[in-house]
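**Student:** Data file coords.cif (mmCIF, C-alpha atoms) is appended below.
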data_target
loop_
_atom_site.group_PDB
_atom_site.id
_atom_site.type_symbol
_atom_site.label_atom_id
_atom_site.label_comp_id
_atom_site.auth_asym_id
_atom_site.auth_seq_id
_atom_site.Cartn_x
_atom_site.Cartn_y
_atom_site.Cartn_z
ATOM 1 C CA MET E 506 18.623 9.672 1.184
ATOM 2 C CA SER E 507 20.762 12.654 2.097
ATOM 3 C CA GLN E 508 20.783 14.298 5.489
ATOM 4 C CA ASN E 509 22.452 17.410 6.822
ATOM 5 C CA PRO E 510 23.957 16.722 10.269
ATOM 6 C CA GLU E 511 23.459 20.380 11.255
ATOM 7 C CA CYS E 512 19.766 20.469 10.341
ATOM 8 C CA VAL E 513 17.209 20.327 13.141
ATOM 9 C CA PHE E 514 14.561 18.675 10.964
ATOM 10 C CA CYS E 515 17.046 16.042 9.761
ATOM 11 C CA LYS E 516 17.865 15.365 13.421
ATOM 12 C CA ILE E 517 14.170 14.992 14.261
ATOM 13 C CA ALA E 518 13.635 12.660 11.278
ATOM 14 C CA ALA E 519 16.619 10.569 12.410
ATOM 15 C CA GLY E 520 15.406 10.432 16.002
ATOM 16 C CA VAL E 521 18.544 12.211 17.208
ATOM 17 C CA ILE E 522 16.566 14.952 18.907
ATOM 18 C CA PRO E 523 13.091 14.427 20.313
ATOM 19 C CA ALA E 524 9.885 15.725 18.803
ATOM 20 C CA ALA E 525 6.190 14.986 19.167
ATOM 21 C CA ILE E 526 6.016 12.828 16.056
ATOM 22 C CA VAL E 527 2.529 11.962 14.803
ATOM 23 C CA HIS E 528 3.401 10.181 11.564
ATOM 24 C CA GLN E 529 6.416 8.741 9.824
ATOM 25 C CA ASP E 530 6.938 6.683 6.712
ATOM 26 C CA ALA E 531 9.737 6.053 4.219
ATOM 27 C CA THR E 532 9.504 9.540 2.727
ATOM 28 C CA ALA E 533 7.978 11.868 5.303
ATOM 29 C CA VAL E 534 7.866 12.753 8.984
ATOM 30 C CA ALA E 535 5.165 14.849 10.668
ATOM 31 C CA PHE E 536 5.492 16.358 14.131
ATOM 32 C CA LEU E 537 4.196 19.170 16.298
ATOM 33 C CA ASP E 538 5.730 22.588 15.682
ATOM 34 C CA ILE E 539 7.340 23.603 18.973
ATOM 35 C CA HIS E 540 6.350 27.224 18.261
ATOM 36 C CA PRO E 541 2.693 26.563 17.484
ATOM 37 C CA LEU E 542 0.406 29.141 15.948
ATOM 38 C CA ALA E 543 -2.425 27.053 17.353
ATOM 39 C CA PRO E 544 -2.713 23.775 19.282
ATOM 40 C CA GLY E 545 -2.080 20.904 16.887
ATOM 41 C CA HIS E 546 0.093 22.946 14.499
ATOM 42 C CA LEU E 547 2.005 20.285 12.542
ATOM 43 C CA LEU E 548 5.000 20.308 10.255
ATOM 44 C CA ILE E 549 5.272 17.767 7.442
ATOM 45 C CA VAL E 550 8.815 17.363 6.132
ATOM 46 C CA PRO E 551 10.628 15.077 3.700
ATOM 47 C CA ARG E 552 13.215 12.782 5.282
ATOM 48 C CA ASP E 553 15.732 13.988 2.716
ATOM 49 C CA HIS E 554 17.410 17.299 3.430
ATOM 50 C CA ILE E 555 15.803 19.387 0.724
ATOM 51 C CA THR E 556 15.945 23.143 1.169
ATOM 52 C CA SER E 557 13.798 24.452 -1.633
ATOM 53 C CA MET E 558 10.817 23.389 -3.711
ATOM 54 C CA SER E 559 13.034 23.777 -6.758
ATOM 55 C CA ASP E 560 15.009 20.764 -5.467
ATOM 56 C CA LEU E 561 11.938 18.732 -4.483
ATOM 57 C CA PRO E 562 11.188 15.772 -6.777
ATOM 58 C CA ALA E 563 7.572 15.812 -7.946
ATOM 59 C CA GLU E 564 7.047 12.359 -6.447
ATOM 60 C CA THR E 565 8.279 13.518 -3.044
ATOM 61 C CA SER E 566 5.913 16.487 -3.197
ATOM 62 C CA ALA E 567 3.139 14.015 -4.013
ATOM 63 C CA ALA E 568 4.132 11.766 -1.101
ATOM 64 C CA LEU E 569 3.979 14.679 1.341
ATOM 65 C CA ALA E 570 0.608 15.850 0.029
ATOM 66 C CA ARG E 571 -0.864 12.356 0.178
ATOM 67 C CA LEU E 572 -0.812 12.980 3.953
ATOM 68 C CA PHE E 573 -2.645 16.315 3.848
ATOM 69 C CA PRO E 574 -6.269 15.117 4.107
ATOM 70 C CA ARG E 575 -5.641 12.682 6.946
ATOM 71 C CA LEU E 576 -3.143 14.746 8.944
ATOM 72 C CA GLY E 577 -5.104 17.942 8.378
ATOM 73 C CA GLU E 578 -8.269 16.421 9.764
ATOM 74 C CA ALA E 579 -6.403 14.887 12.726
ATOM 75 C CA ALA E 580 -4.736 18.214 13.560
ATOM 76 C CA ARG E 581 -8.090 19.969 13.278
ATOM 77 C CA VAL E 582 -9.796 17.500 15.615
ATOM 78 C CA ALA E 583 -6.931 17.449 18.116
ATOM 79 C CA GLY E 584 -6.740 21.238 18.114
ATOM 80 C CA GLY E 585 -10.475 21.648 18.633
ATOM 81 C CA ALA E 586 -10.569 23.685 15.437
ATOM 82 C CA GLU E 587 -13.098 24.338 12.678
ATOM 83 C CA GLY E 588 -10.725 24.439 9.712
ATOM 84 C CA TYR E 589 -7.063 24.663 8.882
ATOM 85 C CA ASN E 590 -4.470 26.160 6.597
ATOM 86 C CA ILE E 591 -1.755 24.258 4.806
ATOM 87 C CA LEU E 592 1.157 26.580 4.151
ATOM 88 C CA LEU E 593 4.556 26.256 2.589
ATOM 89 C CA ASN E 594 6.988 29.160 2.705
ATOM 90 C CA ASN E 595 9.528 28.782 -0.066
ATOM 91 C CA GLY E 596 12.433 31.178 0.350
ATOM 92 C CA THR E 597 13.315 33.657 3.075
ATOM 93 C CA VAL E 598 11.195 36.326 1.422
ATOM 94 C CA ALA E 599 8.186 34.015 1.800
ATOM 95 C CA GLY E 600 8.858 33.386 5.498
ATOM 96 C CA GLN E 601 11.016 30.246 5.353
ATOM 97 C CA PHE E 602 13.337 30.236 8.358
ATOM 98 C CA VAL E 603 14.421 26.576 8.582
ATOM 99 C CA GLU E 604 16.324 25.512 5.489
ATOM 100 C CA HIS E 605 14.615 22.142 5.288
ATOM 101 C CA LEU E 606 11.421 22.314 3.297
ATOM 102 C CA HIS E 607 8.273 21.968 5.450
ATOM 103 C CA PHE E 608 4.536 22.227 5.059
ATOM 104 C CA HIS E 609 2.685 23.764 7.992
ATOM 105 C CA VAL E 610 -0.745 22.438 8.989
ATOM 106 C CA ILE E 611 -2.356 25.166 11.094
ATOM 107 C CA PRO E 612 -5.683 24.436 12.811
ATOM 108 C CA ARG E 613 -7.949 27.485 12.738
ATOM 109 C CA ARG E 614 -10.776 28.718 14.916
ATOM 110 C CA GLY E 615 -12.932 31.779 14.493
ATOM 111 C CA ASP E 616 -11.596 33.295 17.695
ATOM 112 C CA ASP E 617 -7.892 32.575 17.145
ATOM 113 C CA GLY E 618 -7.039 36.142 16.191
ATOM 114 C CA LEU E 619 -4.570 34.992 13.533
ATOM 115 C CA GLY E 620 -6.433 36.867 10.866
ATOM 116 C CA PHE E 621 -4.686 36.604 7.527
ATOM 117 C CA ARG E 622 -6.294 38.788 4.965
ATOM 118 C CA TRP E 623 -3.823 39.769 2.327
ATOM 119 C CA VAL E 624 -5.124 42.512 0.072
ATOM 120 C CA SER E 625 -5.655 41.248 -3.432
ATOM 121 C CA GLY E 626 -5.337 43.373 -6.547
ATOM 122 C CA SER E 627 -6.441 42.989 -10.131
ATOM 123 C CA TYR E 628 -4.687 42.767 -13.480
ATOM 124 C CA ALA E 629 -4.704 45.738 -15.836
ATOM 125 C CA GLU E 630 -5.987 45.193 -19.378
ATOM 126 C CA GLY E 631 -3.727 42.644 -21.101
ATOM 127 C CA GLU E 632 -1.567 42.010 -18.052
ATOM 128 C CA ALA E 633 -3.117 38.639 -17.191
ATOM 129 C CA GLU E 634 -2.463 37.396 -20.734
ATOM 130 C CA ARG E 635 1.121 38.622 -20.539
ATOM 131 C CA ILE E 636 1.653 36.851 -17.202
ATOM 132 C CA ARG E 637 -0.071 33.700 -18.441
ATOM 133 C CA ALA E 638 2.311 33.645 -21.413
ATOM 134 C CA ALA E 639 5.262 34.174 -19.064
ATOM 135 C CA VAL E 640 4.188 31.259 -16.845
ATOM 136 C CA THR E 641 3.716 29.060 -19.905
ATOM 137 C CA ALA E 642 7.140 30.053 -21.219
ATOM 138 C CA ALA E 643 8.718 29.280 -17.841
ATOM 139 C CA LEU E 644 7.061 25.860 -17.875
ATOM 140 C CA LYS E 645 8.736 25.098 -21.207
ATOM 141 C CA ARG E 646 12.254 25.891 -20.045
ATOM 142 C CA MET S 675 -15.835 12.961 -12.187
ATOM 143 C CA SER S 676 -18.449 15.137 -10.571
ATOM 144 C CA GLN S 677 -18.987 18.788 -11.323
ATOM 145 C CA ASN S 678 -21.200 21.435 -9.796
ATOM 146 C CA PRO S 679 -22.839 23.508 -12.555
ATOM 147 C CA GLU S 680 -22.983 26.531 -10.234
ATOM 148 C CA CYS S 681 -19.290 26.435 -9.327
ATOM 149 C CA VAL S 682 -16.963 28.963 -10.948
ATOM 150 C CA PHE S 683 -13.930 26.664 -10.729
ATOM 151 C CA CYS S 684 -15.882 23.769 -12.265
ATOM 152 C CA LYS S 685 -16.858 26.132 -15.087
ATOM 153 C CA ILE S 686 -13.234 27.152 -15.605
ATOM 154 C CA ALA S 687 -12.120 23.506 -15.591
ATOM 155 C CA ALA S 688 -14.812 22.685 -18.153
ATOM 156 C CA GLY S 689 -13.870 25.635 -20.368
ATOM 157 C CA VAL S 690 -17.348 27.151 -19.925
ATOM 158 C CA ILE S 691 -15.948 30.427 -18.638
ATOM 159 C CA PRO S 692 -12.554 31.769 -19.634
ATOM 160 C CA ALA S 693 -9.474 31.835 -17.446
ATOM 161 C CA ALA S 694 -5.766 32.247 -17.973
ATOM 162 C CA ILE S 695 -5.015 28.535 -17.768
ATOM 163 C CA VAL S 696 -1.347 27.590 -17.428
ATOM 164 C CA HIS S 697 -1.670 23.828 -16.936
ATOM 165 C CA GLN S 698 -4.289 21.136 -17.249
ATOM 166 C CA ASP S 699 -4.271 17.385 -17.020
ATOM 167 C CA ALA S 700 -6.724 14.600 -16.237
ATOM 168 C CA THR S 701 -6.904 15.525 -12.535
ATOM 169 C CA ALA S 702 -5.975 19.187 -12.148
ATOM 170 C CA VAL S 703 -6.280 22.621 -13.683
ATOM 171 C CA ALA S 704 -4.078 25.609 -12.839
ATOM 172 C CA PHE S 705 -4.898 29.196 -13.779
ATOM 173 C CA LEU S 706 -4.219 32.782 -12.782
ATOM 174 C CA ASP S 707 -6.203 34.062 -9.821
ATOM 175 C CA ILE S 708 -8.196 37.028 -11.144
ATOM 176 C CA HIS S 709 -7.729 38.752 -7.779
ATOM 177 C CA PRO S 710 -3.957 38.326 -7.540
ATOM 178 C CA LEU S 711 -1.996 39.001 -4.402
ATOM 179 C CA ALA S 712 1.025 39.302 -6.693
ATOM 180 C CA PRO S 713 1.658 38.920 -10.432
ATOM 181 C CA GLY S 714 1.656 35.232 -11.289
ATOM 182 C CA HIS S 715 -0.609 34.217 -8.388
ATOM 183 C CA LEU S 716 -1.944 30.807 -9.443
ATOM 184 C CA LEU S 717 -4.722 28.547 -8.266
ATOM 185 C CA ILE S 718 -4.371 24.775 -8.574
ATOM 186 C CA VAL S 719 -7.706 22.953 -8.382
ATOM 187 C CA PRO S 720 -8.950 19.412 -8.849
ATOM 188 C CA ARG S 721 -11.273 18.900 -11.822
ATOM 189 C CA ASP S 722 -13.722 17.185 -9.504
ATOM 190 C CA HIS S 723 -15.941 19.443 -7.443
ATOM 191 C CA ILE S 724 -14.479 18.816 -4.018
ATOM 192 C CA THR S 725 -15.242 21.366 -1.326
ATOM 193 C CA SER S 726 -13.110 20.249 1.573
ATOM 194 C CA MET S 727 -9.848 18.456 2.223
ATOM 195 C CA SER S 728 -11.860 15.928 4.200
ATOM 196 C CA ASP S 729 -13.435 14.852 0.877
ATOM 197 C CA LEU S 730 -10.176 14.903 -1.087
ATOM 198 C CA PRO S 731 -8.818 11.451 -1.974
ATOM 199 C CA ALA S 732 -5.165 11.109 -0.953
ATOM 200 C CA GLU S 733 -4.226 10.331 -4.551
ATOM 201 C CA THR S 734 -5.877 13.518 -5.794
ATOM 202 C CA SER S 735 -3.985 15.521 -3.171
ATOM 203 C CA ALA S 736 -0.816 13.837 -4.419
ATOM 204 C CA ALA S 737 -1.673 14.651 -8.043
ATOM 205 C CA LEU S 738 -2.158 18.337 -7.221
ATOM 206 C CA ALA S 739 1.080 18.508 -5.235
ATOM 207 C CA ARG S 740 3.066 16.786 -7.972
ATOM 208 C CA LEU S 741 2.625 20.115 -9.779
ATOM 209 C CA PHE S 742 3.922 22.307 -6.947
ATOM 210 C CA PRO S 743 7.659 22.359 -7.765
ATOM 211 C CA ARG S 744 7.196 23.047 -11.464
ATOM 212 C CA LEU S 745 4.262 25.467 -11.236
ATOM 213 C CA GLY S 746 5.754 27.217 -8.213
ATOM 214 C CA GLU S 747 8.989 27.922 -10.026
ATOM 215 C CA ALA S 748 7.160 29.038 -13.176
ATOM 216 C CA ALA S 749 4.943 31.423 -11.194
ATOM 217 C CA ARG S 750 7.999 32.775 -9.386
ATOM 218 C CA VAL S 751 9.880 33.419 -12.621
ATOM 219 C CA ALA S 752 6.868 34.909 -14.400
ATOM 220 C CA GLY S 753 6.106 37.124 -11.428
ATOM 221 C CA GLY S 754 9.696 38.347 -11.123
ATOM 222 C CA ALA S 755 9.708 37.041 -7.562
ATOM 223 C CA GLU S 756 12.303 35.643 -5.180
ATOM 224 C CA GLY S 757 10.180 32.996 -3.470
ATOM 225 C CA TYR S 758 6.590 31.904 -3.068
ATOM 226 C CA ASN S 759 3.977 30.595 -0.702
ATOM 227 C CA ILE S 760 1.738 27.636 -1.323
ATOM 228 C CA LEU S 761 -1.436 28.046 0.687
ATOM 229 C CA LEU S 762 -4.613 26.082 1.136
ATOM 230 C CA ASN S 763 -7.461 27.524 3.168
ATOM 231 C CA ASN S 764 -9.695 24.704 4.379
ATOM 232 C CA GLY S 765 -12.956 26.033 5.785
ATOM 233 C CA THR S 766 -14.417 29.521 6.018
ATOM 234 C CA VAL S 767 -12.613 30.113 9.289
ATOM 235 C CA ALA S 768 -9.337 29.506 7.458
ATOM 236 C CA GLY S 769 -10.159 31.953 4.669
ATOM 237 C CA GLN S 770 -11.800 29.647 2.111
ATOM 238 C CA PHE S 771 -14.333 31.644 0.096
ATOM 239 C CA VAL S 772 -14.837 29.494 -3.011
ATOM 240 C CA GLU S 773 -16.313 26.119 -2.118
ATOM 241 C CA HIS S 774 -14.096 24.219 -4.511
ATOM 242 C CA LEU S 775 -10.810 23.254 -2.940
ATOM 243 C CA HIS S 776 -7.830 25.231 -4.289
ATOM 244 C CA PHE S 777 -4.150 25.645 -3.562
ATOM 245 C CA HIS S 778 -2.783 29.162 -3.978
ATOM 246 C CA VAL S 779 0.709 29.692 -5.371
ATOM 247 C CA ILE S 780 1.709 33.220 -4.379
ATOM 248 C CA PRO S 781 4.972 34.665 -5.750
ATOM 249 C CA ARG S 782 6.751 36.782 -3.135
ATOM 250 C CA ARG S 783 9.169 39.666 -3.265
ATOM 251 C CA GLY S 784 10.841 41.494 -0.427
ATOM 252 C CA ASP S 785 9.046 44.709 -1.283
ATOM 253 C CA ASP S 786 5.562 43.259 -1.795
ATOM 254 C CA GLY S 787 4.244 44.501 1.526
ATOM 255 C CA LEU S 788 2.201 41.338 2.058
ATOM 256 C CA GLY S 789 3.974 40.615 5.288
ATOM 257 C CA PHE S 790 2.521 37.557 6.979
ATOM 258 C CA ARG S 791 3.964 37.091 10.395
ATOM 259 C CA TRP S 792 1.597 35.189 12.585
ATOM 260 C CA VAL S 793 2.603 35.243 16.234
ATOM 261 C CA SER S 794 3.583 31.793 17.427
ATOM 262 C CA GLY S 795 3.164 30.549 20.973
ATOM 263 C CA SER S 796 4.592 27.683 22.941
ATOM 264 C CA TYR S 797 3.150 24.627 24.663
ATOM 265 C CA ALA S 798 2.877 24.524 28.439
ATOM 266 C CA GLU S 799 4.490 21.605 30.275
ATOM 267 C CA GLY S 800 2.784 18.376 29.131
ATOM 268 C CA GLU S 801 0.531 20.077 26.612
ATOM 269 C CA ALA S 802 2.524 19.004 23.550
ATOM 270 C CA GLU S 803 2.348 15.372 24.659
ATOM 271 C CA ARG S 804 -1.402 15.682 25.236
ATOM 272 C CA ILE S 805 -1.899 17.180 21.755
ATOM 273 C CA ARG S 806 0.395 14.593 20.170
ATOM 274 C CA ALA S 807 -1.707 11.856 21.741
ATOM 275 C CA ALA S 808 -4.878 13.558 20.500
ATOM 276 C CA VAL S 809 -3.530 13.756 16.943
ATOM 277 C CA THR S 810 -2.508 10.102 17.104
ATOM 278 C CA ALA S 811 -5.940 9.133 18.411
ATOM 279 C CA ALA S 812 -7.632 11.101 15.641
ATOM 280 C CA LEU S 813 -5.468 9.285 13.085
ATOM 281 C CA LYS S 814 -6.759 5.962 14.362
ATOM 282 C CA ARG S 815 -10.436 6.808 14.018
#
How would this structure read if it were set down as structure tokens?
**Tutor:**
Amino acid sequence: MSQNPECVFCKIAAGVIPAAIVHQDATAVAFLDIHPLAPGHLLIVPRDHITSMSDLPAETSAALARLFPRLGEAARVAGGAEGYNILLNNGTVAGQFVEHLHFHVIPRRGDDGLGFRWVSGSYAEGEAERIRAAVTAALKR
Amino acid sequence: MSQNPECVFCKIAAGVIPAAIVHQDATAVAFLDIHPLAPGHLLIVPRDHITSMSDLPAETSAALARLFPRLGEAARVAGGAEGYNILLNNGTVAGQFVEHLHFHVIPRRGDDGLGFRWVSGSYAEGEAERIRAAVTAALKR
């Protein structure tokens, strides 16, 4: 286990600073986001100080996600919500502001005003095959 | 394994309709979203026809997430991106439009214009503790 003494999520995981913790186990800690997008907004983080998904062991990713169904439903119920989003922002460009990897669980209601409709596009002729080949090539590296 | 013969993602997983598949194993299939938010936008789905996270076995959630680090990085590289989001929309209110659970992997670049800044709030005095207790109670049900 490696921690970063300057990291707020490491401090929460270590119990050094308080948080509204709802789950903890050997690998993961889940607690209320103090800047909630909705009541019940949770963060699920690895105990290890891992900044990026590219440094996340597959088994740690699996251990975090094993919690999704149960914590998602609990956040939904506690937040009086109808559904929820699970969101990970990997990299500043994707909206990651704390450099300790975290999955958001965001309870959603029809009247929450959060919206979230990104505008999708479509691939030009042949582009999807080119991108598919590029993904496959990247997987082989 | 249970499939829904009317479901487009079940058909893709079964090879009945074509898709730009980048990964498949006993539990999961990953392929290019045909309405991409960015080049390399992937969907990761369970082979089983599961509509909601509340029906997703923890081990299946883990099996899907085991793919996140590797597929995320491959989508990022193939899409010429700097980061990515992983997003699950659980329920119509959360933006789920295909009734077969799917994680999005969305490569992100600084100039992609997707934005995505939800406005966060804060808990009133005592509210976080009340919500924490509600989440904990829901976990015990």
**Student:** Restrict the distance test to all atoms listed in the file, flag each residue of chain E within 6 Å of chain S, and return the flagged residues as a ChimeraX atom specification.
**Tutor:** /E:525,527,540-542,558-559,563,566-567,570-571,574,579-580,583,588-596,598-599,613,615,625-627,637,639-641,643-644
**Student:** Could you please take those selected residues and save C-alpha atoms as a short mmCIF file (atom, residue, chain, number, x, y, z; two decimals), in the frame of the given file?
**Tutor:**
data_model
loop_
_atom_site.label_atom_id
_atom_site.label_comp_id
_atom_site.auth_asym_id
_atom_site.auth_seq_id
_atom_site.Cartn_x
_atom_site.Cartn_y
_atom_site.Cartn_z
CA ALA E 525 6.19 14.99 19.17
CA VAL E 527 2.53 11.96 14.80
CA HIS E 540 6.35 27.22 18.26
CA PRO E 541 2.69 26.56 17.48
CA LEU E 542 0.41 29.14 15.95
CA MET E 558 10.82 23.39 -3.71
CA SER E 559 13.03 23.78 -6.76
CA ALA E 563 7.57 15.81 -7.95
CA SER E 566 5.91 16.49 -3.20
CA ALA E 567 3.14 14.02 -4.01
CA ALA E 570 0.61 15.85 0.03
CA ARG E 571 -0.86 12.36 0.18
CA PRO E 574 -6.27 15.12 4.11
CA ALA E 579 -6.40 14.89 12.73
CA ALA E 580 -4.74 18.21 13.56
CA ALA E 583 -6.93 17.45 18.12
CA GLY E 588 -10.72 24.44 9.71
CA TYR E 589 -7.06 24.66 8.88
CA ASN E 590 -4.47 26.16 6.60
CA ILE E 591 -1.76 24.26 4.81
CA LEU E 592 1.16 26.58 4.15
CA LEU E 593 4.56 26.26 2.59
CA ASN E 594 6.99 29.16 2.70
CA ASN E 595 9.53 28.78 -0.07
CA GLY E 596 12.43 31.18 0.35
CA VAL E 598 11.20 36.33 1.42
CA ALA E 599 8.19 34.02 1.80
CA ARG E 613 -7.95 27.48 12.74
CA GLY E 615 -12.93 31.78 14.49
CA SER E 625 -5.66 41.25 -3.43
CA GLY E 626 -5.34 43.37 -6.55
CA SER E 627 -6.44 42.99 -10.13
CA ARG E 637 -0.07 33.70 -18.44
CA ALA E 639 5.26 34.17 -19.06
CA VAL E 640 4.19 31.26 -16.84
CA THR E 641 3.72 29.06 -19.90
CA ALA E 643 8.72 29.28 -17.84
CA LEU E 644 7.06 25.86 -17.88
#
**Student:** Using Å and a single decimal, report how far atom CA of Ile718 of chain S sits from atom CA of Thr556 of chain E.
**Tutor:**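 Here the two named atoms are 22.6 Å from each other.
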**Student:** Write out the coordinates of chain E as a CSV table (one decimal) with C-alpha atoms, in the coordinates of the input after a least-squares overlay onto chain S built on all ordered Cα pairs.
**Tutor:**
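Contents of selection18.csv, as written:
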chain,number,residue,atom,x,y,z
E,506,MET,CA,-15.8,13.0,-12.2
E,507,SER,CA,-18.4,15.1,-10.6
E,508,GLN,CA,-19.0,18.8,-11.3
E,509,ASN,CA,-21.2,21.4,-9.8
E,510,PRO,CA,-22.8,23.5,-12.6
E,511,GLU,CA,-23.0,26.5,-10.2
E,512,CYS,CA,-19.3,26.4,-9.3
E,513,VAL,CA,-17.0,29.0,-10.9
E,514,PHE,CA,-13.9,26.7,-10.7
E,515,CYS,CA,-15.9,23.8,-12.3
E,516,LYS,CA,-16.9,26.1,-15.1
E,517,ILE,CA,-13.2,27.1,-15.6
E,518,ALA,CA,-12.1,23.5,-15.6
E,519,ALA,CA,-14.8,22.7,-18.2
E,520,GLY,CA,-13.9,25.6,-20.4
E,521,VAL,CA,-17.3,27.1,-19.9
E,522,ILE,CA,-15.9,30.4,-18.7
E,523,PRO,CA,-12.5,31.8,-19.7
E,524,ALA,CA,-9.5,31.8,-17.5
E,525,ALA,CA,-5.7,32.2,-18.0
E,526,ILE,CA,-5.0,28.5,-17.8
E,527,VAL,CA,-1.3,27.6,-17.4
E,528,HIS,CA,-1.7,23.8,-16.9
E,529,GLN,CA,-4.3,21.1,-17.3
E,530,ASP,CA,-4.3,17.4,-17.0
E,531,ALA,CA,-6.7,14.6,-16.2
E,532,THR,CA,-6.9,15.5,-12.5
E,533,ALA,CA,-6.0,19.2,-12.2
E,534,VAL,CA,-6.3,22.6,-13.7
E,535,ALA,CA,-4.1,25.6,-12.8
E,536,PHE,CA,-4.9,29.2,-13.8
E,537,LEU,CA,-4.2,32.8,-12.8
E,538,ASP,CA,-6.2,34.1,-9.8
E,539,ILE,CA,-8.2,37.0,-11.1
E,540,HIS,CA,-7.7,38.8,-7.8
E,541,PRO,CA,-4.0,38.3,-7.5
E,542,LEU,CA,-2.0,39.0,-4.4
E,543,ALA,CA,1.0,39.3,-6.7
E,544,PRO,CA,1.7,38.9,-10.4
E,545,GLY,CA,1.7,35.2,-11.3
E,546,HIS,CA,-0.6,34.2,-8.4
E,547,LEU,CA,-1.9,30.8,-9.4
E,548,LEU,CA,-4.7,28.6,-8.3
E,549,ILE,CA,-4.4,24.8,-8.6
E,550,VAL,CA,-7.7,23.0,-8.4
E,551,PRO,CA,-9.0,19.4,-8.8
E,552,ARG,CA,-11.3,18.9,-11.8
E,553,ASP,CA,-13.7,17.2,-9.5
E,554,HIS,CA,-16.0,19.5,-7.4
E,555,ILE,CA,-14.5,18.8,-4.0
E,556,THR,CA,-15.2,21.4,-1.3
E,557,SER,CA,-13.1,20.3,1.6
E,558,MET,CA,-9.9,18.4,2.2
E,559,SER,CA,-11.9,15.9,4.2
E,560,ASP,CA,-13.4,14.9,0.9
E,561,LEU,CA,-10.2,14.9,-1.1
E,562,PRO,CA,-8.8,11.4,-2.0
E,563,ALA,CA,-5.2,11.1,-0.9
E,564,GLU,CA,-4.2,10.3,-4.5
E,565,THR,CA,-5.9,13.5,-5.8
E,566,SER,CA,-4.0,15.5,-3.2
E,567,ALA,CA,-0.8,13.8,-4.4
E,568,ALA,CA,-1.7,14.6,-8.0
E,569,LEU,CA,-2.2,18.3,-7.2
E,570,ALA,CA,1.1,18.5,-5.2
E,571,ARG,CA,3.1,16.8,-8.0
E,572,LEU,CA,2.6,20.1,-9.8
E,573,PHE,CA,3.9,22.3,-6.9
E,574,PRO,CA,7.7,22.4,-7.8
E,575,ARG,CA,7.2,23.1,-11.5
E,576,LEU,CA,4.3,25.5,-11.2
E,577,GLY,CA,5.7,27.2,-8.2
E,578,GLU,CA,9.0,27.9,-10.0
E,579,ALA,CA,7.2,29.0,-13.2
E,580,ALA,CA,4.9,31.4,-11.2
E,581,ARG,CA,8.0,32.8,-9.4
E,582,VAL,CA,9.9,33.4,-12.6
E,583,ALA,CA,6.9,34.9,-14.4
E,584,GLY,CA,6.1,37.1,-11.4
E,585,GLY,CA,9.7,38.4,-11.1
E,586,ALA,CA,9.7,37.0,-7.6
E,587,GLU,CA,12.3,35.6,-5.2
E,588,GLY,CA,10.2,33.0,-3.5
E,589,TYR,CA,6.6,31.9,-3.1
E,590,ASN,CA,4.0,30.6,-0.7
E,591,ILE,CA,1.7,27.6,-1.3
E,592,LEU,CA,-1.4,28.0,0.7
E,593,LEU,CA,-4.6,26.1,1.1
E,594,ASN,CA,-7.5,27.5,3.2
E,595,ASN,CA,-9.7,24.7,4.4
E,596,GLY,CA,-13.0,26.0,5.8
E,597,THR,CA,-14.4,29.5,6.0
E,598,VAL,CA,-12.6,30.1,9.3
E,599,ALA,CA,-9.3,29.5,7.5
E,600,GLY,CA,-10.2,32.0,4.7
E,601,GLN,CA,-11.8,29.6,2.1
E,602,PHE,CA,-14.3,31.7,0.1
E,603,VAL,CA,-14.8,29.5,-3.0
E,604,GLU,CA,-16.3,26.1,-2.1
E,605,HIS,CA,-14.1,24.2,-4.5
E,606,LEU,CA,-10.8,23.3,-2.9
E,607,HIS,CA,-7.8,25.2,-4.3
E,608,PHE,CA,-4.2,25.7,-3.6
E,609,HIS,CA,-2.8,29.2,-4.0
E,610,VAL,CA,0.7,29.7,-5.4
E,611,ILE,CA,1.7,33.2,-4.4
E,612,PRO,CA,5.0,34.7,-5.7
E,613,ARG,CA,6.7,36.8,-3.1
E,614,ARG,CA,9.2,39.7,-3.2
E,615,GLY,CA,10.9,41.5,-0.4
E,616,ASP,CA,9.1,44.7,-1.3
E,617,ASP,CA,5.6,43.3,-1.8
E,618,GLY,CA,4.2,44.5,1.6
E,619,LEU,CA,2.2,41.3,2.1
E,620,GLY,CA,3.9,40.6,5.3
E,621,PHE,CA,2.5,37.6,7.0
E,622,ARG,CA,4.0,37.1,10.4
E,623,TRP,CA,1.6,35.2,12.6
E,624,VAL,CA,2.6,35.2,16.2
E,625,SER,CA,3.6,31.8,17.4
E,626,GLY,CA,3.2,30.6,21.0
E,627,SER,CA,4.6,27.7,22.9
E,628,TYR,CA,3.2,24.6,24.7
E,629,ALA,CA,2.9,24.5,28.4
E,630,GLU,CA,4.5,21.6,30.3
E,631,GLY,CA,2.8,18.4,29.1
E,632,GLU,CA,0.6,20.1,26.6
E,633,ALA,CA,2.5,19.0,23.5
E,634,GLU,CA,2.4,15.4,24.7
E,635,ARG,CA,-1.4,15.7,25.2
E,636,ILE,CA,-1.9,17.2,21.8
E,637,ARG,CA,0.4,14.6,20.2
E,638,ALA,CA,-1.7,11.9,21.7
E,639,ALA,CA,-4.9,13.6,20.5
E,640,VAL,CA,-3.5,13.8,16.9
E,641,THR,CA,-2.5,10.1,17.1
E,642,ALA,CA,-5.9,9.1,18.4
E,643,ALA,CA,-7.6,11.1,15.6
E,644,LEU,CA,-5.5,9.3,13.1
E,645,LYS,CA,-6.7,6.0,14.4
E,646,ARG,CA,-10.4,6.8,14.0
**Student:** What separation in Å, quoted to one decimal, exists between atom CA of Val772 of chain S and atom CA of Pro720 of chain S?
**Tutor:** 13.1 Å
**Student:** So how many Å separate atom CA of Gly689 of chain S and atom CA of Ser676 of chain S, to one decimal?
**Tutor:** 15.1 Å
**Student:** Segment 522-530 of chain E, all listed atoms, 8 Å padding on each side: what axis-aligned box centre and edge lengths in Å to one decimal come out, as JSON?
**Tutor:**
{"center_x": 9.5, "center_y": 11.2, "center_z": 13.5, "size_x": 30.0, "size_y": 25.0, "size_z": 29.6}
